[in-house]
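Structure data follow from input.tsv (TSV, C-alpha atoms):
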```
chain	number	residue	atom	x	y	z
A	225	MET	CA	-8.03	37.43	22.94
A	226	THR	CA	-6.67	40.05	20.55
A	227	ASP	CA	-8.22	41.86	17.61
A	228	ASN	CA	-6.05	39.89	15.19
A	229	PRO	CA	-8.53	38.11	12.83
A	230	GLU	CA	-6.39	34.98	12.85
A	231	THR	CA	-6.90	34.59	16.60
A	232	LYS	CA	-10.63	35.32	16.64
A	233	PRO	CA	-12.85	32.24	16.49
A	234	SER	CA	-14.56	33.50	13.32
A	235	GLY	CA	-11.16	33.97	11.67
A	236	LEU	CA	-10.15	30.46	12.66
A	237	VAL	CA	-13.35	28.93	11.29
A	238	ASP	CA	-13.00	30.81	8.02
A	239	ASP	CA	-9.36	29.88	7.78
A	240	VAL	CA	-10.18	26.18	7.97
A	241	LEU	CA	-13.51	26.46	6.10
A	242	PRO	CA	-12.61	28.93	3.35
A	243	ASP	CA	-15.75	28.29	1.32
A	244	GLY	CA	-17.43	31.09	3.22
A	245	SER	CA	-19.62	28.78	5.29
A	246	GLY	CA	-18.33	30.31	8.53
A	247	PRO	CA	-19.60	33.48	10.21
A	248	LYS	CA	-19.71	36.58	8.02
A	249	THR	CA	-17.58	39.39	9.38
A	250	PRO	CA	-15.36	41.88	7.54
A	251	GLU	CA	-12.34	40.01	8.88
A	252	SER	CA	-13.61	36.59	7.86
A	253	THR	CA	-14.48	37.74	4.35
A	254	GLN	CA	-10.98	39.14	3.97
A	255	ASN	CA	-9.39	35.95	5.38
A	256	SER	CA	-11.49	33.73	3.11
A	257	GLU	CA	-10.55	35.62	-0.02
A	258	SER	CA	-6.86	35.81	0.84
A	259	PHE	CA	-6.76	32.10	1.71
A	260	SER	CA	-8.40	31.16	-1.59
A	261	GLU	CA	-5.86	33.25	-3.46
A	262	GLN	CA	-3.00	31.78	-1.44
A	263	ALA	CA	-4.25	28.23	-2.00
A	264	ALA	CA	-4.54	28.80	-5.76
A	265	ALA	CA	-1.00	30.17	-5.90
A	266	ALA	CA	0.32	27.30	-3.79
A	267	ARG	CA	-1.40	24.66	-5.94
A	268	SER	CA	0.12	26.08	-9.09
A	269	SER	CA	3.69	26.21	-7.81
A	270	VAL	CA	4.34	23.39	-5.33
A	271	LYS	CA	4.69	19.74	-6.26
A	272	PRO	CA	5.79	17.80	-3.16
A	273	SER	CA	6.03	14.04	-2.99
A	274	VAL	CA	2.95	12.34	-1.60
A	275	ASP	CA	5.28	10.29	0.59
A	276	ASP	CA	6.60	13.49	2.25
A	277	VAL	CA	3.06	14.73	2.94
A	278	ILE	CA	2.05	11.37	4.42
A	279	GLU	CA	5.20	11.14	6.57
A	280	ALA	CA	4.64	14.67	7.91
A	281	ALA	CA	1.04	13.77	8.82
A	282	ILE	CA	2.25	10.62	10.57
A	283	ASP	CA	4.83	12.67	12.50
A	284	ASN	CA	2.00	14.94	13.70
A	285	CYS	CA	0.10	11.92	15.02
A	286	ARG	CA	2.99	9.82	16.32
A	287	GLU	CA	2.55	10.73	20.00
A	288	LEU	CA	-1.16	9.91	19.89
A	289	ALA	CA	-0.45	6.59	18.16
A	290	VAL	CA	2.25	5.64	20.67
A	291	GLY	CA	-0.02	6.55	23.57
A	292	ARG	CA	-2.74	4.26	22.23
A	293	GLN	CA	-0.24	1.61	21.10
A	294	VAL	CA	-1.52	1.90	17.53
A	295	THR	CA	0.80	0.86	14.72
A	296	ILE	CA	0.75	2.96	11.54
A	297	ALA	CA	1.62	1.19	8.29
A	298	THR	CA	2.06	2.89	4.93
A	299	THR	CA	2.17	1.58	1.39
A	300	GLY	CA	2.35	3.53	-1.80
A	301	ASP	CA	4.32	4.71	-4.77
A	302	GLU	CA	7.09	6.82	-3.24
A	303	SER	CA	7.70	8.54	-6.58
A	304	LEU	CA	4.22	10.11	-6.66
A	305	ALA	CA	4.09	13.90	-6.55
A	306	LEU	CA	1.17	16.25	-6.89
A	307	VAL	CA	0.46	19.93	-7.24
A	308	CYS	CA	-0.94	21.00	-3.88
A	309	ASP	CA	-0.66	23.12	-0.81
A	310	PRO	CA	1.42	20.59	1.17
A	311	LEU	CA	0.59	22.01	4.60
A	312	ARG	CA	-3.17	21.88	3.97
A	313	LEU	CA	-2.98	18.38	2.50
A	314	GLN	CA	-0.86	17.28	5.46
A	315	GLU	CA	-3.52	18.76	7.78
A	316	ALA	CA	-6.25	16.76	6.03
A	317	VAL	CA	-4.33	13.48	6.15
A	318	ALA	CA	-3.36	14.06	9.79
A	319	ASN	CA	-7.02	14.65	10.65
A	320	LEU	CA	-8.07	11.38	9.02
A	321	LEU	CA	-5.23	9.60	10.76
A	322	GLN	CA	-6.12	11.09	14.17
A	323	ASN	CA	-9.70	9.90	13.78
A	324	ALA	CA	-8.52	6.43	12.81
A	325	ILE	CA	-6.24	6.26	15.86
A	326	VAL	CA	-8.78	7.63	18.34
A	327	TYR	CA	-11.64	5.41	17.18
A	328	SER	CA	-9.54	2.22	16.96
A	329	ASP	CA	-8.93	-0.14	19.83
A	330	GLU	CA	-5.65	0.19	21.68
A	331	GLY	CA	-2.98	-2.03	20.18
A	332	SER	CA	-4.57	-2.05	16.72
A	333	ARG	CA	-3.20	-1.09	13.30
A	334	VAL	CA	-4.02	1.85	11.02
A	335	ALA	CA	-3.00	1.71	7.36
A	336	ILE	CA	-2.41	4.52	4.87
A	337	ASN	CA	-2.23	3.67	1.19
A	338	TYR	CA	-1.61	6.08	-1.64
A	339	ARG	CA	-1.65	5.38	-5.34
A	340	LEU	CA	-2.18	6.86	-8.77
A	341	LEU	CA	-5.61	6.36	-10.34
A	342	VAL	CA	-5.94	6.90	-14.08
A	343	GLU	CA	-9.42	7.45	-15.55
A	344	GLY	CA	-9.23	8.23	-19.25
A	345	ASP	CA	-6.99	11.27	-19.65
A	346	ASP	CA	-7.28	12.23	-15.97
A	347	GLU	CA	-4.86	11.23	-13.25
A	348	PHE	CA	-5.73	11.34	-9.55
A	349	VAL	CA	-3.81	10.55	-6.40
A	350	VAL	CA	-5.89	8.44	-4.04
A	351	ILE	CA	-4.98	8.54	-0.35
A	352	ALA	CA	-6.81	6.00	1.79
A	353	VAL	CA	-6.74	5.70	5.58
A	354	ALA	CA	-8.05	2.40	6.93
A	355	ASP	CA	-8.66	1.22	10.47
A	356	ASN	CA	-10.48	-1.52	12.34
A	357	GLY	CA	-12.43	0.86	14.54
A	358	ILE	CA	-16.01	0.71	15.74
A	359	GLY	CA	-17.51	1.45	12.33
A	360	ILE	CA	-20.12	3.95	11.21
A	361	LYS	CA	-23.72	3.09	10.35
A	362	GLY	CA	-24.84	3.78	6.77
A	363	GLU	CA	-27.29	6.54	7.73
A	364	GLU	CA	-24.52	8.30	9.69
A	365	GLN	CA	-22.01	8.11	6.82
A	366	LYS	CA	-24.00	10.65	4.80
A	367	ARG	CA	-23.52	13.28	7.49
A	368	ILE	CA	-20.02	12.81	8.89
A	369	PHE	CA	-18.50	15.52	6.66
A	370	GLU	CA	-20.93	18.16	7.97
A	371	ARG	CA	-19.61	20.82	10.34
A	372	PHE	CA	-20.03	19.97	14.04
A	373	TYR	CA	-21.63	16.59	13.28
A	374	ARG	CA	-20.64	13.72	15.55
A	375	VAL	CA	-21.71	10.12	15.21
A	376	ASP	CA	-21.39	9.37	18.92
A	377	TYR	CA	-21.57	12.41	21.20
A	378	ALA	CA	-20.72	10.39	24.32
A	379	ARG	CA	-17.55	8.99	22.78
A	380	SER	CA	-16.66	12.40	21.33
A	381	ARG	CA	-16.70	13.93	24.82
A	382	GLU	CA	-14.35	11.18	25.94
A	383	SER	CA	-11.94	11.56	23.01
A	384	GLY	CA	-12.18	15.33	22.50
A	385	GLY	CA	-12.57	17.22	19.26
A	386	THR	CA	-14.92	19.86	17.90
A	387	GLY	CA	-16.81	18.04	15.17
A	388	LEU	CA	-15.05	20.15	12.55
A	389	GLY	CA	-12.29	17.74	11.54
A	390	LEU	CA	-13.94	15.83	8.71
A	391	SER	CA	-15.57	19.00	7.40
A	392	ILE	CA	-12.11	20.55	7.21
A	393	VAL	CA	-10.86	17.48	5.33
A	394	LYS	CA	-13.74	17.83	2.86
A	395	HIS	CA	-12.96	21.50	2.24
A	396	ILE	CA	-9.23	20.93	1.83
A	397	ALA	CA	-9.93	18.14	-0.66
A	398	ALA	CA	-12.30	20.43	-2.58
A	399	LEU	CA	-9.72	23.23	-2.67
A	400	HIS	CA	-7.39	20.77	-4.39
A	401	GLY	CA	-10.05	19.64	-6.88
A	402	GLY	CA	-10.61	16.39	-5.00
A	403	THR	CA	-13.22	14.62	-2.97
A	404	VAL	CA	-13.40	12.64	0.24
A	405	SER	CA	-15.56	9.62	0.93
A	406	VAL	CA	-16.08	6.96	3.55
A	407	TRP	CA	-16.65	3.24	3.47
A	408	SER	CA	-17.51	1.66	6.77
A	409	ARG	CA	-19.63	-0.96	8.43
A	410	PRO	CA	-20.36	-1.24	12.14
```
Show this structure as structure tokens.
Amino acid sequence: MTDNPETKPSGLVDDVLPDGSGPKTPESTQNSESFSEQAAAARSSVKPSVDDVIEAAIDNCRELAVGRQVTIATTGDESLALVCDPLRLQEAVANLLQNAIVYSDEGSRVAINYRLLVEGDDEFVVIAVADNGIGIKGEEQKRIFERFYRVDYARSRESGGTGLGLSIVKHIAALHGGTVSVWSRP
């Protein structure tokens, strides 16, 4: 391992959790501040199509989906665009998609829908990832966006992962002024 903060574990955690909830080191503080500034600049200048972000996330997960024989279906308004950091948003969608693929039965279907939601004078882009996986109990749903939290530790060992994925999604959504939620039943 080198002394480059981006390759140190604390730098990695702060890079993906830029709210400062990771370990406090001089390097992590610097990375957190520079990421926040970069994200703000990116949000104010980039307006990619939602369809492009979704397609890039699907491309990142295609091999996993093929290996599990999971079909990915998308529906949405292809003309939608939003001000965002497209790489971070793609990372968030890919993480949701990976979870949907891993926790679905082989040969099943995962759906991604995106649409415009208008509430008064505010407009939001809603991106939903749906699967027919094993489901999550109500008491577990409150905690799944916490760092390192896993609903089923035995299954997590089998499927891999760190328990950071949904926390990363939550933080990326927050950086873009959004939220993330879950609806599930076992």
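Here CA of Val317 in chain A is placed at a distance of 19.8 Å from CA of Asp329 in chain A.
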Practice problem: Rank A:Ser332, A:Ser303, A:Gln314, A:Thr403 by their smallest atom-to-atom distance to Phe348 in chain A, using only C-alpha atoms, and report the top residue only. | Solution: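 Result for the nearest residue to Phe348 in chain A: A:Thr403.
Of the listed residues A:Asn319, A:Val294, A:Trp407, A:Lys361, the one whose atoms come nearest to Ser391 in chain A is A:Asn319, with distances taken using all atoms listed in the file.
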Quiz item: Which residue out of A:Val326, A:Leu313, A:Val350, A:Val406 has the minimum interatomic distance to Asp276 in chain A when all atoms listed in the file are used?
Solution: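 Residue with the minimum atom-to-atom distance to Asp276 in chain A: A:Leu313.
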Quiz item: A:Ile336, A:Leu311, A:Ala354, A:Ala280: which is nearest Ala324 in chain A, counting all atoms listed in the file?
Solution: A:Ala354
Quiz item: With only C-alpha atoms as the atoms that count, which of A:Ser273, A:Asn356, A:Ser405, A:Ser328 lies nearest to Gly300 in chain A?
Solution: A:Ser273
Practice problem: Would you work out the distance separating CA of Gln293 in chain A from CA of Glu330 in chain A, expressed in Å to one decimal? | Solution: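 Result for CA of Gln293 in chain A versus CA of Glu330 in chain A: 5.6 Å, one decimal.
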Quiz item: Do you have the CA of Gln322 in chain A-CA of Gly401 in chain A distance handy?
Solution: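 About the pair CA of Gln322 in chain A and CA of Gly401 in chain A: they are 23.1 Å apart.
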Quiz item: Hey, what's within 12 Å of Arg339 in chain A if we count all atoms listed in the file and toss same-chain stuff fewer than 5 positions away? As a ChimeraX atom specification, please?
Solution: /A:273-275,298-306,347-352
Quiz item: Which of these residues is nearest to Val307 in chain A, using all atoms listed in the file: A:Leu388, A:Ile325, A:Leu399, A:Val342?
Solution: A:Leu399
Report, as lines of an AutoDock Vina configuration file, the axis-aligned box around all atoms of range 325-336 of chain A present in the file, extended by 5 Å on each side; give centre and edge lengths in Å to one decimal place.
```
center_x = -7.0
center_y = 2.8
center_z = 13.3
size_x = 19.2
size_y = 19.7
size_z = 26.8
```
Quiz item: Which neighbours of Ala297 in chain A fall inside 8 Å, counting only C-alpha atoms, when residues of the same chain fewer than 3 positions from it are skipped, and could you give them as a VMD selection string?
Solution: chain A and resid 333 to 336
